[in-house]
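Below is one structure, written out as structure tokens; the observations come after it.
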Amino acid sequence: MISDLFIDRPRLSIVISVVLTLAGLIAITQIPVAQFPDIVPPQVSVSANYPGASAAVVESTVAQPLEAKVNGVDKMLYMKSSSTNNGSYTLTVTFDLGTDPDINTVNVQNRVNQATAQLPEEVKRQGVTVKKKSSAMLQIVALYSPKGSYDALFLSNYANINLMDTLARVPGVGEVFQFGPLDYSMRIWLSSERLTALGLTPSDVIAAIQGQNVQAAVGRIGSQPMTPDNQFQITLQTQGRLTDTAEFEDIVVRANPDGSMVRLKDVARIELGSQTYSLTGRLNGKPSAVLALYQLPGTNAIAAVDGVKKLMAQVKTTSFPPDMAYTIPLDTTQSVREGIKEIVKTLYEALILVIIVVFIFLQGWRATLIPALAVPVSLVGTFAMFPLLGFSINTIALMGMVLAIGLVVDDAIVVVEAVEHHIEHGLSPKEATLKAMEEVSGPVIAIALVLTAVFLPTIFIPGITGKLYQQFAVTIAISVIISAFNALTLSPALSALILKPKKQARGPLGAFYRWFNNMFGRATNGYVKLSGFFIRKFVISLILLAVMTGAIGVMGKFVPGGFLPEEDQGYLYAGLQLPDAASLQRTNAACAAAEKIIMETPGVEYVTTVS
């Protein structure tokens, strides 16, 4: 038998258990940490921009060609899109759970390339972006000026230039998105009266700007082939793209026959401003640059948030200009940390409770030590399988661990009780262990197979529900299998080493043992008598079973249903929508009224975006 090998070589079983435990501990440091398993189907986002177009124009010229080609892409579940009056278009394609996000992105990109030729030139010039999308928001980072030295335009561009690329490089961060980016742009406000008086059109102005605001490559002087007496080779450089308002003002729109010229400043007002003012961000009612960070699928959310916090603290110290600060008004991992913390606490409490119960029943520290060592090996060793299965450390897996404590301790107890039984009959510890393993090896294996058969069928549940429950069931099944292996290796080896014939306990502990054994014996006898009664009264047993089943069904109708339990995440989303015809002034007034109500709540930090 396999147990005989480990009884004769206890060091081998101890080394195997130590290696298994170390593998689990190392895996814990590498496994992603999340609130729930990855049950969100992968998504791919397609975005485009048609400057100046209304939502109806975007829908007819951009949305229809793109969606006609993207529709039906391999493994697609559904897609949804939005076209707005500021000319932006966004298409989100959702794929089957478990598909590769990178392959999905490539497939969507190929479909988008087929539709590119049908898009307007302005859209093609702006570019169509295809990228994998994560709906798991990690946190929000907001830049602000405590004394009001910087406006929203400066804050937005500082974040865009100095922070967004740096934050995107933090391990675990998949995307950094700015709400209402106010990118620096040269704003040209045309005067329709002057254009009409001079016989010009907006297309004339656009053509003049495109023709004179260029980066030209004019070549070199003295490059080969040249005469041998040439001594120098010079690369010619000309003025490139225009950089300030004065240079744009001097753009020649039209040269008249009399030698006079119409310049851009004659028909327009030029200023350096934002590319768009359709969306702005505020922190506690003040101008702010609001950055939303999204998690990269399959990464450690807590590690990513810690990396962002460390980076922001470093950047604040080394790079921030005076009167600039940052805050993190939203951190979605706070509830994850608290949930994991509470479950780990429950795990420790359950382990201590199991050890106490085992000690009371086995009534000896030597016998208690063997299950107490076997349980951590089974639980920690389970984590070693998580990377191979693509699992994460989450509340579902840890709850499975809590349940598994009561299951994995049984195998070790069976071995210990069998060994003590034979020791009480005069056998030496080693002989008692060999004899006991001949009797209990089969039952231990049978217990493991039966328990595994109970939980493993849940892995065949399809869809998101199956993905959620798979980790719970597989975690318990793995721990039970490891527990059975320990019962055949570690437990008999330790039993042969440390178990000895019991001595009668004396003093208060002995009195407690005698009282407990007496009470437990009475309870056992009472249970046996009650079971015998119900066995004889088979009809009564069936009636009670039917009543209990019916009561469970009735109670189930009154219990609220849901996919996941509702928990306080520590933050709140609220939306305020005005009629389509509402002016920007009315929108800002409505938001200001809502912010005033929020500010009356103590201890609340809030971010608003106005579109």
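Residue numbering restarts at 1 for every chain of the structure tokens, chains are lettered A, B, ... in their displayed order, and ligands are numbered from 1 as they appear.
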
Would you mind writing down, as a VMD selection string, each residue of range 36-90 of chain A that DSSP on the backbone assigns to strand (DSSP E)?
-> chain A and resid 43 to 49 76 to 83 88 to 90

If you keep N, CA, C and O atoms, can you produce a file of those selected residues as a tab-separated table (two decimals), in the first residue's frame?
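This is the output file again-v9.tsv:
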```
chain	number	residue	atom	x	y	z
A	43	GLN	N	-15.08	42.55	-24.19
A	43	GLN	CA	-15.66	43.55	-25.08
A	43	GLN	C	-14.58	44.21	-25.92
A	43	GLN	O	-13.43	44.32	-25.50
A	44	VAL	N	-14.97	44.65	-27.11
A	44	VAL	CA	-14.10	45.41	-28.00
A	44	VAL	C	-14.82	46.70	-28.36
A	44	VAL	O	-16.01	46.68	-28.71
A	45	SER	N	-14.10	47.81	-28.28
A	45	SER	CA	-14.69	49.12	-28.52
A	45	SER	C	-14.18	49.69	-29.84
A	45	SER	O	-12.98	49.63	-30.13
A	46	VAL	N	-15.09	50.23	-30.63
A	46	VAL	CA	-14.76	50.92	-31.88
A	46	VAL	C	-15.24	52.36	-31.74
A	46	VAL	O	-16.42	52.60	-31.43
A	47	SER	N	-14.33	53.32	-31.90
A	47	SER	CA	-14.71	54.73	-31.73
A	47	SER	C	-14.24	55.54	-32.94
A	47	SER	O	-13.19	55.26	-33.53
A	48	ALA	N	-15.05	56.53	-33.29
A	48	ALA	CA	-14.74	57.43	-34.41
A	48	ALA	C	-15.29	58.80	-34.08
A	48	ALA	O	-16.11	58.96	-33.16
A	49	ASN	N	-14.85	59.80	-34.84
A	49	ASN	CA	-15.28	61.17	-34.60
A	49	ASN	C	-15.50	61.88	-35.93
A	49	ASN	O	-14.65	61.82	-36.83
A	76	MET	N	-19.30	36.66	-31.52
A	76	MET	CA	-20.00	37.85	-31.01
A	76	MET	C	-21.32	37.46	-30.38
A	76	MET	O	-22.06	36.63	-30.91
A	77	LEU	N	-21.63	38.08	-29.22
A	77	LEU	CA	-22.93	37.90	-28.59
A	77	LEU	C	-23.90	38.98	-29.03
A	77	LEU	O	-24.98	38.70	-29.53
A	78	TYR	N	-23.51	40.23	-28.85
A	78	TYR	CA	-24.34	41.36	-29.25
A	78	TYR	C	-23.46	42.60	-29.34
A	78	TYR	O	-22.30	42.59	-28.91
A	79	MET	N	-24.01	43.67	-29.87
A	79	MET	CA	-23.28	44.93	-29.93
A	79	MET	C	-24.26	46.09	-29.72
A	79	MET	O	-25.45	45.98	-30.00
A	80	LYS	N	-23.72	47.17	-29.19
A	80	LYS	CA	-24.51	48.38	-28.98
A	80	LYS	C	-23.66	49.59	-29.34
A	80	LYS	O	-22.43	49.56	-29.24
A	81	SER	N	-24.33	50.65	-29.79
A	81	SER	CA	-23.60	51.83	-30.24
A	81	SER	C	-24.30	53.09	-29.79
A	81	SER	O	-25.47	53.07	-29.40
A	82	SER	N	-23.55	54.18	-29.83
A	82	SER	CA	-24.12	55.50	-29.49
A	82	SER	C	-23.53	56.54	-30.44
A	82	SER	O	-22.33	56.55	-30.71
A	83	SER	N	-24.41	57.40	-30.94
A	83	SER	CA	-24.02	58.52	-31.79
A	83	SER	C	-24.49	59.80	-31.11
A	83	SER	O	-25.66	59.89	-30.72
A	88	SER	N	-19.26	62.36	-32.08
A	88	SER	CA	-18.55	61.15	-31.65
A	88	SER	C	-19.43	59.93	-31.83
A	88	SER	O	-20.67	59.99	-31.74
A	89	TYR	N	-18.77	58.80	-32.09
A	89	TYR	CA	-19.46	57.53	-32.29
A	89	TYR	C	-18.70	56.45	-31.55
A	89	TYR	O	-17.46	56.38	-31.61
A	90	THR	N	-19.43	55.60	-30.83
A	90	THR	CA	-18.83	54.51	-30.08
A	90	THR	C	-19.64	53.24	-30.31
A	90	THR	O	-20.87	53.25	-30.16
```

Range 215-258 of chain A: which residues are alpha helix (DSSP H) by DSSP, as a list in words?
->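 Output for range 215-258 of chain A, alpha helix (DSSP H) only: Thr245, Ala246, Glu247, Phe248 and Glu249 of chain A.
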
Given the selection you just returned, output its residues as a file containing all heavy atoms, formatted as a PDB file, in the first residue's frame.
```pdb
ATOM      1  N   THR A 245      -1.166  82.004 -31.877  1.00  0.00           N
ATOM      2  CA  THR A 245      -2.279  82.711 -32.515  1.00  0.00           C
ATOM      3  C   THR A 245      -1.795  83.744 -33.532  1.00  0.00           C
ATOM      4  O   THR A 245      -2.447  83.952 -34.567  1.00  0.00           O
ATOM      5  CB  THR A 245      -3.129  83.402 -31.439  1.00  0.00           C
ATOM      6  OG1 THR A 245      -2.296  84.265 -30.660  1.00  0.00           O
ATOM      7  CG2 THR A 245      -3.777  82.374 -30.529  1.00  0.00           C
ATOM      8  N   ALA A 246      -0.657  84.401 -33.273  1.00  0.00           N
ATOM      9  CA  ALA A 246      -0.150  85.420 -34.199  1.00  0.00           C
ATOM     10  C   ALA A 246       0.173  84.801 -35.554  1.00  0.00           C
ATOM     11  O   ALA A 246      -0.105  85.406 -36.614  1.00  0.00           O
ATOM     12  CB  ALA A 246       1.079  86.102 -33.598  1.00  0.00           C
ATOM     13  N   GLU A 247       0.762  83.609 -35.565  1.00  0.00           N
ATOM     14  CA  GLU A 247       1.091  82.960 -36.827  1.00  0.00           C
ATOM     15  C   GLU A 247      -0.175  82.568 -37.588  1.00  0.00           C
ATOM     16  O   GLU A 247      -0.235  82.681 -38.818  1.00  0.00           O
ATOM     17  CB  GLU A 247       1.963  81.735 -36.565  1.00  0.00           C
ATOM     18  CG  GLU A 247       3.345  82.091 -36.017  1.00  0.00           C
ATOM     19  CD  GLU A 247       4.146  80.862 -35.658  1.00  0.00           C
ATOM     20  OE1 GLU A 247       3.542  79.761 -35.599  1.00  0.00           O
ATOM     21  OE2 GLU A 247       5.363  80.984 -35.438  1.00  0.00           O
ATOM     22  N   PHE A 248      -1.190  82.095 -36.879  1.00  0.00           N
ATOM     23  CA  PHE A 248      -2.446  81.769 -37.548  1.00  0.00           C
ATOM     24  C   PHE A 248      -3.138  83.022 -38.071  1.00  0.00           C
ATOM     25  O   PHE A 248      -3.783  82.982 -39.125  1.00  0.00           O
ATOM     26  CB  PHE A 248      -3.372  81.007 -36.582  1.00  0.00           C
ATOM     27  CG  PHE A 248      -3.102  79.533 -36.517  1.00  0.00           C
ATOM     28  CD1 PHE A 248      -2.177  79.019 -35.621  1.00  0.00           C
ATOM     29  CD2 PHE A 248      -3.759  78.655 -37.368  1.00  0.00           C
ATOM     30  CE1 PHE A 248      -1.926  77.671 -35.555  1.00  0.00           C
ATOM     31  CE2 PHE A 248      -3.510  77.295 -37.307  1.00  0.00           C
ATOM     32  CZ  PHE A 248      -2.592  76.799 -36.406  1.00  0.00           C
ATOM     33  N   GLU A 249      -3.030  84.110 -37.344  1.00  0.00           N
ATOM     34  CA  GLU A 249      -3.664  85.349 -37.810  1.00  0.00           C
ATOM     35  C   GLU A 249      -3.089  85.833 -39.120  1.00  0.00           C
ATOM     36  O   GLU A 249      -3.777  86.472 -39.927  1.00  0.00           O
ATOM     37  CB  GLU A 249      -3.507  86.428 -36.730  1.00  0.00           C
ATOM     38  CG  GLU A 249      -4.357  86.197 -35.493  1.00  0.00           C
ATOM     39  CD  GLU A 249      -4.091  87.222 -34.419  1.00  0.00           C
ATOM     40  OE1 GLU A 249      -3.075  87.944 -34.549  1.00  0.00           O
ATOM     41  OE2 GLU A 249      -4.864  87.285 -33.448  1.00  0.00           O
TER      42      GLU A 249
END
```

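Each of A:Ile396, A:Ile39, A:Ile7, A:Pro120 was checked against Pro51 in chain A using only C-alpha atoms; the smallest atom-to-atom distance is that of A:Pro120.
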
Could the residues of range 138-160 of chain A that have an atom at most 9 Å from range 331-339 of chain A be listed as a Markdown table, each with its closest atom pair and the distance in Å to one decimal, counting only C-alpha atoms and ordered by chain and ascending residue number?
```
| residue | atom | partner | partner_atom | distance |
| --- | --- | --- | --- | --- |
| A:Leu138 | CA | A:Thr332 | CA | 5.5 |
| A:Gln139 | CA | A:Asp331 | CA | 4.4 |
| A:Ile140 | CA | A:Asp331 | CA | 6.8 |
```

Residue nearest Phe472 in chain A - candidates A:Leu509, A:Met437, A:Gln64, A:Leu398, atoms counted: only C-alpha atoms =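 Answer, going by the shortest atom-to-atom distance: A:Leu398.
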
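Nearest to Asn86 in chain A of all the residues A:Gly180, A:Lys467, A:Leu434, A:Met164 is A:Gly180, counting only C-alpha atoms.
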
Test item: residues at most 7 Å from Ala55 in chain A, only C-alpha atoms, excluding those fewer than 4 positions along its chain, as a VMD selection string = chain A and resid 59 83 to 85 87

Output as a Markdown table one row per residue of range 128-241 of chain A within 12 Å of range 279-286 of chain A: the closest atom pair and its distance in Å to one decimal place, counting only C-alpha atoms, sorted by chain and residue number ascending.
```
| residue | atom | partner | partner_atom | distance |
| --- | --- | --- | --- | --- |
| A:Ile140 | CA | A:Leu283 | CA | 10.9 |
| A:Val141 | CA | A:Leu283 | CA | 10.2 |
| A:Ala142 | CA | A:Leu283 | CA | 7.0 |
| A:Leu143 | CA | A:Leu283 | CA | 8.3 |
| A:Tyr144 | CA | A:Leu283 | CA | 7.4 |
| A:Ser145 | CA | A:Lys286 | CA | 8.6 |
| A:Pro146 | CA | A:Lys286 | CA | 9.2 |
| A:Lys147 | CA | A:Lys286 | CA | 10.5 |
| A:Gly148 | CA | A:Lys286 | CA | 8.5 |
| A:Ser149 | CA | A:Lys286 | CA | 11.7 |
| A:Tyr150 | CA | A:Lys286 | CA | 10.8 |
| A:Asp151 | CA | A:Lys286 | CA | 9.3 |
| A:Ala152 | CA | A:Gly281 | CA | 8.0 |
| A:Leu153 | CA | A:Thr280 | CA | 9.6 |
| A:Leu155 | CA | A:Gly281 | CA | 10.4 |
| A:Ser156 | CA | A:Gly281 | CA | 9.1 |
| A:Gln178 | CA | A:Gly281 | CA | 8.9 |
| A:Phe179 | CA | A:Gly281 | CA | 6.2 |
| A:Gly180 | CA | A:Leu279 | CA | 4.3 |
| A:Pro181 | CA | A:Thr280 | CA | 7.4 |
| A:Leu182 | CA | A:Thr280 | CA | 7.8 |
| A:Asp183 | CA | A:Thr280 | CA | 11.6 |
```

Separation of CA of Phe6 in chain A from CA of Ser428 in chain A in Å =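 These atoms are spaced 16.8 Å apart.
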
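Taking only C-alpha atoms into account, Gln210 in chain A lies nearest to A:Leu242 out of the set A:Ile16, A:Val170, A:Leu242, A:Val377.
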
What is the CA of Leu272 in chain A-CA of Leu190 in chain A distance in Å, reported with one decimal?
->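 Interatomic distance here is 14.5 Å.
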
Long-range neighbours of range 94-107 of chain A as a PyMOL selection string, 12 Å cut-off, only C-alpha atoms, 3 positions minimum in chain = chain A and resi 37-46+69-81+91+110-114+129-135+296-298+390+462-468

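What separates CA of Ile355 in chain A from CA of Glu417 in chain A is a distance of 15.1 Å.
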
Residues within 10 Å of Pro321 in chain A, only C-alpha atoms, excluding chain neighbours under 4 positions, as a PyMOL selection string = chain A and resi 145+158+316-317+325

Surrounding residues of Lys309 in chain A excluding itself and chain neighbours under 5 positions, 9 Å, only C-alpha atoms, as number ranges by chain | A: 304, 314, 328

Written file, previous selection with N, CA and C atoms, as a PDB file, in the first residue's frame:
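That gives us part_8.pdb:
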```pdb
ATOM      1  N   ALA A 304      -2.787  46.638  -8.709  1.00  0.00           N
ATOM      2  CA  ALA A 304      -2.836  47.750  -9.658  1.00  0.00           C
ATOM      3  C   ALA A 304      -3.169  49.057  -8.945  1.00  0.00           C
ATOM      4  N   GLN A 314       4.530  59.678  -5.854  1.00  0.00           N
ATOM      5  CA  GLN A 314       5.853  60.027  -6.362  1.00  0.00           C
ATOM      6  C   GLN A 314       5.787  61.212  -7.316  1.00  0.00           C
ATOM      7  N   ILE A 328      -8.190  60.741  -4.851  1.00  0.00           N
ATOM      8  CA  ILE A 328      -8.784  59.534  -5.440  1.00  0.00           C
ATOM      9  C   ILE A 328     -10.184  59.392  -4.856  1.00  0.00           C
TER      10      ILE A 328
END
```

Residues near Ala367 in chain A, cut-off 8 Å, only C-alpha atoms, skip fewer than 3 positions along chain, as a list in words =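 Residues near the query, excluding close chain neighbours: Phe359, Leu362, Gln363, Gly364, Ile370, Pro371, Val416, Ser495 and Leu499 of chain A.
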